[in-house]
file target.cif (mmCIF, C-alpha atoms)
data_protein
#
loop_
_atom_site.label_atom_id
_atom_site.label_comp_id
_atom_site.auth_asym_id
_atom_site.auth_seq_id
_atom_site.Cartn_x
_atom_site.Cartn_y
_atom_site.Cartn_z
CA MET E 1 103.89 113.55 68.94
CA ILE E 2 103.90 109.78 69.52
CA GLU E 3 101.35 107.60 67.77
CA THR E 4 100.60 104.08 69.02
CA ASP E 5 97.91 101.44 69.31
CA VAL E 6 97.47 101.68 73.09
CA VAL E 7 98.61 104.04 75.83
CA VAL E 8 98.88 102.38 79.23
CA ILE E 9 98.54 104.84 82.11
CA GLY E 10 100.41 103.42 85.10
CA ALA E 11 103.67 101.42 85.28
CA GLY E 12 102.87 99.40 88.38
CA PRO E 13 102.86 95.58 88.34
CA VAL E 14 99.51 95.33 86.54
CA GLY E 15 100.48 98.02 84.04
CA LEU E 16 103.76 96.25 83.24
CA PHE E 17 101.95 92.93 82.77
CA GLN E 18 99.45 94.76 80.56
CA VAL E 19 102.35 95.79 78.32
CA PHE E 20 103.50 92.17 78.12
CA GLN E 21 100.04 90.91 77.19
CA LEU E 22 99.54 93.62 74.57
CA GLY E 23 102.96 92.95 73.08
CA LEU E 24 102.29 89.23 72.84
CA LEU E 25 99.26 90.04 70.72
CA GLY E 26 101.26 92.35 68.46
CA LEU E 27 99.83 95.63 69.78
CA ARG E 28 102.17 98.59 70.13
CA CYS E 29 101.93 100.58 73.34
CA GLU E 30 103.43 103.45 75.29
CA VAL E 31 103.45 103.56 79.11
CA ILE E 32 103.18 106.72 81.23
CA ASP E 33 103.70 106.97 85.01
CA VAL E 34 104.05 109.89 87.39
CA LEU E 35 106.73 108.14 89.48
CA PRO E 36 110.41 108.29 88.43
CA GLU E 37 110.74 104.49 88.55
CA ALA E 38 108.59 101.64 87.24
CA GLY E 39 106.86 99.42 89.78
CA GLY E 40 104.08 101.58 91.19
CA GLN E 41 103.28 101.32 94.88
CA CYS E 42 105.23 98.03 95.16
CA VAL E 43 108.44 100.01 94.67
CA ALA E 44 107.32 103.36 96.03
CA LEU E 45 105.72 102.14 99.27
CA TYR E 46 107.10 98.69 100.15
CA PRO E 47 110.13 97.90 97.98
CA ASP E 48 111.72 95.59 100.57
CA LYS E 49 108.64 94.03 102.14
CA PRO E 50 107.74 90.45 101.19
CA ILE E 51 104.83 89.49 98.93
CA TYR E 52 103.66 85.90 99.34
CA ASP E 53 100.69 85.51 96.97
CA ILE E 54 102.26 85.60 93.49
CA PRO E 55 101.58 82.22 91.81
CA GLY E 56 104.65 79.99 91.59
CA VAL E 57 106.85 82.37 93.61
CA PRO E 58 106.96 81.66 97.36
CA VAL E 59 108.16 85.17 98.18
CA TYR E 60 109.14 88.35 96.34
CA THR E 61 109.89 91.83 97.58
CA GLY E 62 108.05 94.65 95.87
CA ARG E 63 111.23 95.70 94.06
CA GLU E 64 112.02 92.14 92.95
CA LEU E 65 108.51 91.69 91.56
CA ALA E 66 108.72 94.96 89.61
CA ALA E 67 112.16 94.04 88.25
CA GLN E 68 110.95 90.64 87.04
CA LEU E 69 107.83 92.11 85.41
CA LEU E 70 109.97 94.74 83.71
CA MET E 71 112.32 92.01 82.45
CA GLN E 72 109.34 90.00 81.18
CA ALA E 73 108.08 93.03 79.27
CA ARG E 74 111.56 93.88 77.94
CA PRO E 75 110.84 92.60 74.38
CA PHE E 76 108.22 95.35 74.16
CA LEU E 77 110.08 97.95 76.27
CA PRO E 78 113.62 97.59 74.87
CA VAL E 79 116.44 99.52 76.50
CA ASP E 80 118.09 102.22 74.42
CA PRO E 81 121.88 101.55 74.66
CA ALA E 82 122.62 105.27 74.29
CA THR E 83 120.52 106.36 77.27
CA GLY E 84 120.14 103.17 79.28
CA LYS E 85 116.40 103.87 79.49
CA ALA E 86 113.53 101.69 78.32
CA ALA E 87 111.94 102.89 75.11
CA HIS E 88 108.18 103.45 75.24
CA LEU E 89 108.35 103.93 79.03
CA HIS E 90 107.71 107.55 80.02
CA LEU E 91 108.36 108.12 83.73
CA GLY E 92 108.18 111.15 85.97
CA GLN E 93 105.21 112.66 84.17
CA GLN E 94 101.47 112.70 84.71
CA VAL E 95 98.71 112.56 82.12
CA LEU E 96 97.04 115.97 82.30
CA SER E 97 94.34 115.47 79.70
CA LEU E 98 92.72 112.63 77.79
CA VAL E 99 90.51 113.82 74.93
CA GLN E 100 88.49 111.69 72.54
CA ASP E 101 88.72 112.71 68.88
CA GLU E 102 85.45 114.07 67.55
CA GLN E 103 85.98 112.00 64.39
CA ALA E 104 84.85 108.66 65.73
CA GLN E 105 86.41 106.77 62.83
CA ALA E 106 89.84 108.38 63.11
CA PRO E 107 92.65 105.78 63.49
CA HIS E 108 93.99 107.44 66.61
CA ARG E 109 90.91 108.52 68.52
CA PHE E 110 92.51 109.64 71.78
CA THR E 111 94.93 112.49 72.44
CA LEU E 112 96.85 112.57 75.72
CA GLN E 113 98.95 115.44 77.06
CA THR E 114 101.42 115.05 79.93
CA THR E 115 103.08 117.36 82.44
CA ALA E 116 106.35 116.90 80.52
CA GLY E 117 104.78 118.45 77.44
CA GLN E 118 104.54 115.20 75.51
CA THR E 119 101.58 114.42 73.24
CA PHE E 120 100.35 110.92 72.51
CA LYS E 121 97.85 109.76 69.89
CA ALA E 122 96.33 106.34 70.61
CA ARG E 123 93.67 104.08 69.21
CA ALA E 124 92.81 102.92 72.75
CA VAL E 125 93.76 103.58 76.37
CA VAL E 126 94.21 101.26 79.34
CA ILE E 127 94.12 102.93 82.75
CA SER E 128 96.15 100.99 85.30
CA ALA E 129 96.53 103.75 87.83
CA GLY E 130 96.03 101.77 91.04
CA ALA E 131 94.46 104.00 93.67
CA GLY E 132 95.44 107.03 91.60
CA ALA E 133 98.67 108.85 90.83
CA PHE E 134 101.09 108.51 93.75
CA VAL E 135 102.41 112.00 94.41
CA PRO E 136 104.84 112.98 97.18
CA LYS E 137 103.49 114.61 100.31
CA ALA E 138 104.86 118.13 100.48
CA LEU E 139 106.54 119.85 103.39
CA SER E 140 104.90 123.15 104.26
CA LEU E 141 107.43 125.91 103.76
CA PRO E 142 105.96 129.21 105.00
CA GLY E 143 107.20 132.17 102.99
CA LEU E 144 107.48 130.40 99.64
CA PRO E 145 105.96 132.79 97.07
CA ALA E 146 102.89 131.20 95.47
CA GLU E 147 103.68 132.64 92.06
CA ALA E 148 107.33 131.56 92.09
CA PRO E 149 108.57 128.27 90.61
CA PRO E 150 109.49 125.68 93.27
CA PRO E 151 113.09 125.83 94.49
CA ALA E 152 115.39 123.81 92.26
CA ASN E 153 117.14 122.18 95.22
CA VAL E 154 113.99 120.76 96.84
CA HIS E 155 113.62 117.08 95.93
CA HIS E 156 110.99 114.43 96.63
CA HIS E 157 112.56 111.36 95.00
CA LEU E 158 115.90 109.62 95.23
CA PRO E 159 117.78 109.28 91.95
CA VAL E 160 116.94 106.18 89.95
CA ASP E 161 119.77 103.60 89.86
CA GLY E 162 122.54 104.66 87.55
CA GLN E 163 121.94 108.39 87.90
CA CYS E 164 124.38 110.64 89.73
CA ALA E 165 123.17 112.10 93.01
CA PRO E 166 123.01 115.90 92.85
CA TRP E 167 124.03 116.29 96.49
CA ALA E 168 127.50 114.69 96.53
CA GLY E 169 129.76 116.56 98.95
CA GLN E 170 126.98 118.92 100.07
CA HIS E 171 124.70 119.45 103.06
CA VAL E 172 121.45 117.51 102.63
CA VAL E 173 118.46 117.91 104.93
CA VAL E 174 116.10 114.91 104.91
CA ALA E 175 112.62 115.85 106.13
CA GLY E 176 110.45 113.15 107.70
CA GLY E 177 110.21 110.72 110.57
CA GLY E 178 108.82 107.58 108.95
CA GLU E 179 110.44 104.56 107.36
CA GLU E 180 110.97 106.34 104.06
CA ALA E 181 112.95 109.18 105.66
CA LEU E 182 115.01 106.92 107.92
CA GLN E 183 115.88 104.55 105.08
CA THR E 184 116.96 107.54 103.01
CA VAL E 185 119.27 108.72 105.79
CA LEU E 186 120.82 105.25 106.00
CA ASP E 187 121.25 105.05 102.24
CA LEU E 188 122.92 108.46 102.08
CA ALA E 189 125.22 107.75 105.03
CA GLN E 190 126.30 104.40 103.55
CA ALA E 191 126.67 105.62 99.96
CA ALA E 192 129.98 105.53 98.17
CA GLU E 193 132.20 108.51 98.92
CA ALA E 194 131.85 109.86 95.38
CA VAL E 195 128.10 110.42 95.83
CA ARG E 196 127.84 110.80 99.61
CA PRO E 197 126.77 114.15 101.12
CA SER E 198 129.34 115.85 103.32
CA HIS E 199 126.69 116.61 105.97
CA ILE E 200 123.33 114.89 106.59
CA THR E 201 120.60 116.35 108.75
CA LEU E 202 117.36 114.58 109.65
CA LEU E 203 114.57 117.13 110.14
CA HIS E 204 111.52 116.06 112.13
CA ARG E 205 108.99 117.85 114.29
CA ARG E 206 109.74 115.70 117.37
CA ASP E 207 112.23 113.19 118.72
CA GLN E 208 110.04 110.19 117.92
CA PHE E 209 110.00 108.19 114.69
CA GLN E 210 107.33 106.10 113.01
CA ALA E 211 109.50 103.16 111.97
CA ASP E 212 110.44 99.63 113.00
CA ALA E 213 113.17 99.30 115.61
CA ALA E 214 115.37 97.50 113.08
CA LEU E 215 115.41 100.69 111.01
CA GLU E 216 115.39 103.23 113.83
CA GLU E 217 118.34 101.74 115.75
CA PRO E 218 121.02 102.23 113.06
CA VAL E 219 119.79 105.79 112.44
CA ARG E 220 120.00 106.53 116.17
CA ALA E 221 123.52 105.11 116.12
CA LEU E 222 124.51 107.46 113.28
CA ILE E 223 123.10 110.39 115.26
CA ALA E 224 125.01 109.33 118.39
CA GLN E 225 128.23 109.03 116.34
CA GLY E 226 127.76 112.54 114.95
CA ARG E 227 127.49 111.27 111.37
CA VAL E 228 123.89 112.51 111.17
CA GLU E 229 122.51 115.64 112.81
CA LEU E 230 118.97 115.55 114.23
CA ALA E 231 117.12 118.87 113.83
CA LEU E 232 113.82 119.09 115.71
CA GLY E 233 111.20 121.68 114.87
CA VAL E 234 108.52 122.94 112.53
CA PRO E 235 109.37 125.24 109.58
CA GLN E 236 108.36 128.84 110.24
CA GLY E 237 110.09 130.56 107.36
CA ILE E 238 112.65 130.18 104.61
CA GLU E 239 115.53 131.97 102.95
CA LEU E 240 115.81 131.97 99.16
CA ALA E 241 118.55 132.94 96.73
CA TRP E 242 117.50 134.08 93.26
CA SER E 243 119.67 133.48 90.23
CA ASP E 244 120.46 135.94 87.47
CA ALA E 245 118.75 133.77 84.84
CA GLY E 246 115.51 135.77 84.94
CA VAL E 247 112.21 135.94 86.78
CA ASN E 248 111.14 132.51 85.53
CA ALA E 249 114.23 130.78 86.88
CA PRO E 250 113.59 128.80 90.08
CA PRO E 251 115.20 130.13 93.25
CA ALA E 252 117.41 128.08 95.55
CA LEU E 253 116.40 127.32 99.12
CA THR E 254 119.34 128.28 101.33
CA ALA E 255 117.93 127.93 104.85
CA ILE E 256 114.84 127.04 106.87
CA THR E 257 113.82 128.80 110.06
CA LEU E 258 112.60 126.25 112.60
CA LEU E 259 110.56 126.66 115.76
CA GLY E 260 112.00 124.02 118.08
CA PRO E 261 110.45 122.13 121.00
CA ASP E 262 111.82 124.84 123.32
CA SER E 263 109.79 127.45 121.35
CA GLN E 264 113.05 129.05 120.26
CA PRO E 265 113.73 129.76 116.54
CA ARG E 266 116.84 128.44 114.86
CA THR E 267 118.17 128.69 111.33
CA LEU E 268 119.03 125.51 109.46
CA PRO E 269 121.22 126.23 106.41
CA LEU E 270 121.28 123.66 103.61
CA ASP E 271 122.33 122.88 100.08
CA HIS E 272 119.50 120.45 99.30
CA LEU E 273 116.19 119.55 100.93
CA LEU E 274 115.03 115.98 100.38
CA VAL E 275 111.38 115.66 101.47
CA ARG E 276 110.55 112.06 102.40
CA LEU E 277 107.10 112.24 103.96
CA GLY E 278 105.62 109.41 101.94
CA LEU E 279 103.30 109.31 98.96
CA SER E 280 99.60 110.01 98.67
CA PRO E 281 97.36 108.57 95.93
CA LYS E 282 95.30 111.21 94.14
CA LEU E 283 92.93 110.83 91.23
CA GLY E 284 94.15 114.17 89.95
CA PRO E 285 93.24 114.99 86.33
CA LEU E 286 91.66 111.54 85.87
CA ALA E 287 88.52 112.89 87.54
CA ASP E 288 88.15 115.41 84.68
CA TRP E 289 88.32 112.96 81.77
CA GLY E 290 84.58 112.39 81.59
CA LEU E 291 84.70 108.84 82.95
CA PRO E 292 81.83 107.85 85.24
CA LEU E 293 83.24 106.99 88.66
CA GLU E 294 81.92 104.94 91.55
CA ARG E 295 83.70 105.83 94.80
CA LYS E 296 86.72 107.07 92.84
CA GLN E 297 86.89 103.88 90.76
CA ILE E 298 86.02 103.17 87.13
CA PRO E 299 83.16 100.70 86.57
CA VAL E 300 84.01 98.09 83.94
CA ASP E 301 82.52 95.16 82.04
CA THR E 302 84.24 91.97 83.27
CA ALA E 303 84.28 90.38 79.81
CA SER E 304 86.73 92.98 78.49
CA TYR E 305 87.40 95.41 81.39
CA ALA E 306 86.09 98.16 79.15
CA SER E 307 84.87 101.36 80.76
CA PRO E 308 81.61 103.05 79.74
CA ILE E 309 83.67 105.08 77.23
CA ASP E 310 84.37 103.00 74.13
CA GLY E 311 88.11 102.49 73.69
CA ILE E 312 89.07 103.08 77.33
CA HIS E 313 89.71 100.05 79.53
CA ALA E 314 90.65 99.94 83.22
CA VAL E 315 92.57 97.21 85.05
CA GLY E 316 93.85 96.76 88.59
CA ASP E 317 92.82 98.71 91.67
CA ILE E 318 91.43 101.64 89.67
CA ASN E 319 88.44 99.62 88.43
CA THR E 320 85.34 98.25 90.13
CA TYR E 321 82.78 95.54 89.37
CA PRO E 322 80.64 93.10 91.39
CA GLY E 323 82.91 90.78 93.34
CA LYS E 324 86.03 92.90 92.77
CA LYS E 325 89.08 91.86 94.82
CA ARG E 326 91.99 94.26 95.01
CA LEU E 327 94.73 91.67 94.53
CA LEU E 328 97.66 91.59 92.11
CA LEU E 329 96.56 88.17 90.86
CA CYS E 330 93.19 89.61 89.86
CA GLY E 331 94.87 92.54 88.12
CA PHE E 332 96.99 90.19 86.01
CA HIS E 333 93.83 88.32 84.95
CA GLU E 334 92.11 91.60 84.07
CA ALA E 335 95.08 92.74 81.97
CA THR E 336 95.00 89.49 80.00
CA LEU E 337 91.31 89.76 79.11
CA ALA E 338 91.65 93.48 78.34
CA ALA E 339 94.47 92.78 75.88
CA HIS E 340 92.48 90.15 73.99
CA ALA E 341 89.44 92.44 73.90
CA LEU E 342 91.55 95.28 72.51
CA LEU E 343 93.00 93.07 69.77
CA ALA E 344 89.49 92.07 68.69
CA ARG E 345 88.34 95.69 68.77
CA LEU E 346 91.30 97.28 67.00
CA TYR E 347 91.85 94.51 64.44
CA PRO E 348 88.48 92.82 63.98
CA ASP E 349 89.61 91.11 60.75
CA ALA E 350 92.69 89.53 62.33
CA PRO E 351 92.48 85.87 63.44
CA GLN E 352 91.46 85.60 67.07
CA HIS E 353 92.99 82.17 67.73
CA LEU E 354 94.29 81.64 71.25
CA GLN E 355 98.02 80.88 71.06
CA TYR E 356 100.33 79.53 73.75
CA THR E 357 103.84 80.70 74.55
CA THR E 358 104.97 77.08 74.90
CA THR E 359 104.26 76.21 71.26
CA SER E 360 103.51 79.31 69.16
CA ALA E 361 106.27 80.24 66.70
CA LEU E 362 104.69 83.69 66.31
CA LEU E 363 104.77 84.38 70.05
CA HIS E 364 108.35 83.10 70.21
CA GLN E 365 109.26 85.55 67.46
CA ARG E 366 107.64 88.45 69.32
CA LEU E 367 109.43 87.46 72.52
CA GLY E 368 112.78 87.06 70.75
CA VAL E 369 113.00 83.42 71.80
CA SER E 370 115.38 81.31 69.73
CA HIS E 371 115.62 77.52 69.60
#

call {"tool": "encode", "arguments": {"input": "target.cif", "output": "structure tokens"}}
result
Amino acid sequence: MIETDVVVIGAGPVGLFQVFQLGLLGLRCEVIDVLPEAGGQCVALYPDKPIYDIPGVPVYTGRELAAQLLMQARPFLPVDPATGKAAHLHLGQQVLSLVQDEQAQAPHRFTLQTTAGQTFKARAVVISAGAGAFVPKALSLPGLPAEAPPPANVHHHLPVDGQCAPWAGQHVVVAGGGEEALQTVLDLAQAAEAVRPSHITLLHRRDQFQADAALEEPVRALIAQGRVELALGVPQGIELAWSDAGVNAPPALTAITLLGPDSQPRTLPLDHLLVRLGLSPKLGPLADWGLPLERKQIPVDTASYASPIDGIHAVGDINTYPGKKRLLLCGFHEATLAAHALLARLYPDAPQHLQYTTTSALLHQRLGVSH
């Protein structure tokens, strides 16, 4: 069990800036995100596309913006040298439940449970979940037993930088026909030999892609050179191999039966299936937390960005109020006011003087700045 002042749900740009603002004010926080990498939709949906409306920065890509925000928040999300991972940053897991303690005066009033089995106790919660939890779109695999665990060799995310690819020297099937799938094929084909698959197949229902020509052309060239196989068709069935580890052990997907454009079935053997059909935002368990919602958004008070439930604040695209604009700049402003409101709420006896990073010795100490 992890106890903290604030749990921030969502590690997108606004969530990362929320961590920075909370840390500046001396509040401890833990961050939870369903994606395997920090950065939210900026990294998941448009990592290489330019963003032009960040103050003082003429242009950033989504990945560059996330990296800079993560670096800014580093004093409060330090990297563990042993693991290379940021402490207090819990990725690849979704908050399943958020329960308010019946003892209203308890120091840690909220209990959160995640899909990874972690439990958090917090004095307050900030929801920075964007349009909801971004979950991968699944590929329909007819014949997969509903009661069985998902195949261990079916993946929806690429490894985060620094991790070893599980498919080195093996046959990888990449499912999809959009930019995400085509970029994945390029990345795999151009990877270093030590992590490169021995065989790459691009699986799509038809011989047309939904991607810019600048991305489609090099993939077509790889197909023409025989470095990538193009498999056309719709899955009609699967073949599974079960291990000897017991009934609860996940099976391995060994082949997919496809119905091709010629209406003829074919079997596509594989070692790994990498589904790259994009991400879809879903409210998921958030809808069951007892928060009043307006068109799938949380109404807030613009003085503090507090929700109707005392102790829960919402910032970024997940909230709504009169005049709301769904812009990153607005989310950064909301995170700043939410942090100051939380300090006043959690530590009402502490001085509430506004301090500036240019001159405050206390803020310099918290940031690790030396002179």

call {"tool": "resolve_selection", "arguments": {"input": "target.cif", "expression": "the PyMOL selection byres ((chain E and resi 14) around 8)", "output": "VMD selection string"}}
result
chain E and resid 11 to 13 15 to 18 128 315 to 316 328 331 to 332 335

call {"tool": "atom_distance", "arguments": {"input": "target.cif", "atom1": "atom CA of E:Thr184", "atom2": "atom CA of E:Ile238"}}
result
23.1 Å

call {"tool": "closest_residue", "arguments": {"input": "target.cif", "among": "E:Arg366, E:Ala116, E:Leu291, E:Gly132", "to": "E:Gln21", "atoms": "all atoms listed in the file"}}
result
E:Arg366

call {"tool": "closest_atom_pairs", "arguments": {"input": "target.cif", "of": "stretch 108-212 of chain E", "to": "stretch 342-347 of chain E", "cutoff": "10 Å", "atoms": "all atoms listed in the file", "output": "CSV"}}
result
residue,atom,partner,partner_atom,distance
E:Arg123,CA,E:Leu346,CA,7.5
E:Ala124,CA,E:Leu342,CA,7.7
E:Val125,CA,E:Leu342,CA,9.4
E:Val126,CA,E:Leu342,CA,9.5

call {"tool": "closest_residue", "arguments": {"input": "target.cif", "among": "E:Arg276, E:Leu329, E:Pro36, E:Ser263", "to": "E:His155", "atoms": "all atoms listed in the file"}}
result
E:Arg276

call {"tool": "closest_residue", "arguments": {"input": "target.cif", "among": "E:His157, E:Ile32, E:Ala339, E:Leu144", "to": "E:Thr115", "atoms": "only C-alpha atoms"}}
result
E:Ile32

call {"tool": "closest_residue", "arguments": {"input": "target.cif", "among": "E:Ala73, E:Ala314, E:Val59, E:Thr267", "to": "E:Leu89", "atoms": "all atoms listed in the file"}}
result
E:Ala73

call {"tool": "residues_around", "arguments": {"input": "target.cif", "residues": "E:Ile312", "least_positions_apart": "5", "cutoff": "12 Å", "atoms": "only C-alpha atoms", "output": "PDB file with C-alpha atoms, in the frame of the given file"}}
result
ATOM      1  CA  VAL E   6      97.470 101.680  73.090  1.00  0.00           C
ATOM      2  CA  VAL E   7      98.610 104.040  75.830  1.00  0.00           C
ATOM      3  CA  VAL E   8      98.880 102.380  79.230  1.00  0.00           C
ATOM      4  CA  ILE E   9      98.540 104.840  82.110  1.00  0.00           C
ATOM      5  CA  LEU E  98      92.720 112.630  77.790  1.00  0.00           C
ATOM      6  CA  VAL E  99      90.510 113.820  74.930  1.00  0.00           C
ATOM      7  CA  GLN E 100      88.490 111.690  72.540  1.00  0.00           C
ATOM      8  CA  ARG E 109      90.910 108.520  68.520  1.00  0.00           C
ATOM      9  CA  PHE E 110      92.510 109.640  71.780  1.00  0.00           C
ATOM     10  CA  ALA E 122      96.330 106.340  70.610  1.00  0.00           C
ATOM     11  CA  ARG E 123      93.670 104.080  69.210  1.00  0.00           C
ATOM     12  CA  ALA E 124      92.810 102.920  72.750  1.00  0.00           C
ATOM     13  CA  VAL E 125      93.760 103.580  76.370  1.00  0.00           C
ATOM     14  CA  VAL E 126      94.210 101.260  79.340  1.00  0.00           C
ATOM     15  CA  ILE E 127      94.120 102.930  82.750  1.00  0.00           C
ATOM     16  CA  SER E 128      96.150 100.990  85.300  1.00  0.00           C
ATOM     17  CA  TRP E 289      88.320 112.960  81.770  1.00  0.00           C
ATOM     18  CA  GLY E 290      84.580 112.390  81.590  1.00  0.00           C
ATOM     19  CA  LEU E 291      84.700 108.840  82.950  1.00  0.00           C
ATOM     20  CA  PRO E 292      81.830 107.850  85.240  1.00  0.00           C
ATOM     21  CA  ILE E 298      86.020 103.170  87.130  1.00  0.00           C
ATOM     22  CA  PRO E 299      83.160 100.700  86.570  1.00  0.00           C
ATOM     23  CA  VAL E 300      84.010  98.090  83.940  1.00  0.00           C
ATOM     24  CA  ASP E 301      82.520  95.160  82.040  1.00  0.00           C
ATOM     25  CA  SER E 304      86.730  92.980  78.490  1.00  0.00           C
ATOM     26  CA  TYR E 305      87.400  95.410  81.390  1.00  0.00           C
ATOM     27  CA  ALA E 306      86.090  98.160  79.150  1.00  0.00           C
ATOM     28  CA  SER E 307      84.870 101.360  80.760  1.00  0.00           C
ATOM     29  CA  ASN E 319      88.440  99.620  88.430  1.00  0.00           C
ATOM     30  CA  ALA E 338      91.650  93.480  78.340  1.00  0.00           C
ATOM     31  CA  ALA E 339      94.470  92.780  75.880  1.00  0.00           C
ATOM     32  CA  ALA E 341      89.440  92.440  73.900  1.00  0.00           C
ATOM     33  CA  LEU E 342      91.550  95.280  72.510  1.00  0.00           C
ATOM     34  CA  ARG E 345      88.340  95.690  68.770  1.00  0.00           C
TER      35      ARG E 345
END

call {"tool": "atom_distance", "arguments": {"input": "target.cif", "atom1": "atom CA of E:Ser140", "atom2": "atom CA of E:Gly92"}}
result
22.1 Å

call {"tool": "resolve_selection", "arguments": {"input": "target.cif", "expression": "the PyMOL selection byres ((chain E and resi 297) around 6)", "output": "JSON list (two decimals) with C-alpha atoms, in the coordinates of the input"}}
result
[["chain", "number", "residue", "atom", "x", "y", "z"],
["E", 293, "LEU", "CA", 83.24, 106.99, 88.66],
["E", 294, "GLU", "CA", 81.92, 104.94, 91.55],
["E", 295, "ARG", "CA", 83.70, 105.83, 94.80],
["E", 296, "LYS", "CA", 86.72, 107.07, 92.84],
["E", 298, "ILE", "CA", 86.02, 103.17, 87.13],
["E", 318, "ILE", "CA", 91.43, 101.64, 89.67],
["E", 319, "ASN", "CA", 88.44, 99.62, 88.43],
["E", 320, "THR", "CA", 85.34, 98.25, 90.13]]

call {"tool": "resolve_selection", "arguments": {"input": "target.cif", "expression": "the PyMOL selection byres ((chain E and resi 153) around 8)", "output": "PyMOL selection string"}}
result
chain E and resi 151-152+154-155+252-253+271-273

call {"tool": "build_atoms", "arguments": {"input": "target.cif", "residues": "stretch 143-156 of chain E", "atoms": "N, CA, C and O atoms", "output": "compact mmCIF listing (two decimals), keeping the file's coordinate frame"}}
result
# COMPACT_ATOMS: atom_id res chain seq x y z
N GLY E 143 106.39 131.13 103.60
CA GLY E 143 107.20 132.17 102.99
C GLY E 143 107.57 131.89 101.56
O GLY E 143 108.16 132.75 100.89
N LEU E 144 107.20 130.71 101.04
CA LEU E 144 107.48 130.40 99.64
C LEU E 144 106.46 131.12 98.78
O LEU E 144 105.27 130.90 98.91
N PRO E 145 106.91 132.04 97.89
CA PRO E 145 105.96 132.79 97.07
C PRO E 145 105.12 131.86 96.19
O PRO E 145 105.63 130.96 95.54
N ALA E 146 103.81 132.06 96.22
CA ALA E 146 102.89 131.20 95.47
C ALA E 146 103.12 131.29 93.97
O ALA E 146 102.94 130.30 93.25
N GLU E 147 103.51 132.45 93.49
CA GLU E 147 103.68 132.64 92.06
C GLU E 147 105.05 132.22 91.56
O GLU E 147 105.29 132.15 90.35
N ALA E 148 105.96 131.90 92.48
CA ALA E 148 107.33 131.56 92.09
C ALA E 148 107.43 130.08 91.77
O ALA E 148 106.70 129.26 92.32
N PRO E 149 108.33 129.70 90.85
CA PRO E 149 108.57 128.27 90.61
C PRO E 149 109.16 127.63 91.86
O PRO E 149 109.80 128.31 92.67
N PRO E 150 108.95 126.33 92.07
CA PRO E 150 109.49 125.68 93.27
C PRO E 150 111.01 125.72 93.26
O PRO E 150 111.64 125.71 92.19
N PRO E 151 111.62 125.79 94.43
CA PRO E 151 113.09 125.83 94.49
C PRO E 151 113.70 124.63 93.79
O PRO E 151 113.23 123.50 93.93
N ALA E 152 114.76 124.87 93.05
CA ALA E 152 115.39 123.81 92.26
C ALA E 152 116.08 122.78 93.12
O ALA E 152 116.33 121.66 92.67
N ASN E 153 116.42 123.12 94.36
CA ASN E 153 117.14 122.18 95.22
C ASN E 153 116.24 121.52 96.26
O ASN E 153 116.72 121.02 97.28
N VAL E 154 114.93 121.51 96.02
CA VAL E 154 113.99 120.76 96.84
C VAL E 154 113.58 119.52 96.06
O VAL E 154 113.04 119.61 94.96
N HIS E 155 113.84 118.35 96.63
CA HIS E 155 113.62 117.08 95.93
C HIS E 155 112.62 116.22 96.71
O HIS E 155 112.52 116.33 97.93
N HIS E 156 111.93 115.35 95.99
CA HIS E 156 110.99 114.43 96.63
C HIS E 156 111.29 112.97 96.30
O HIS E 156 110.66 112.07 96.87
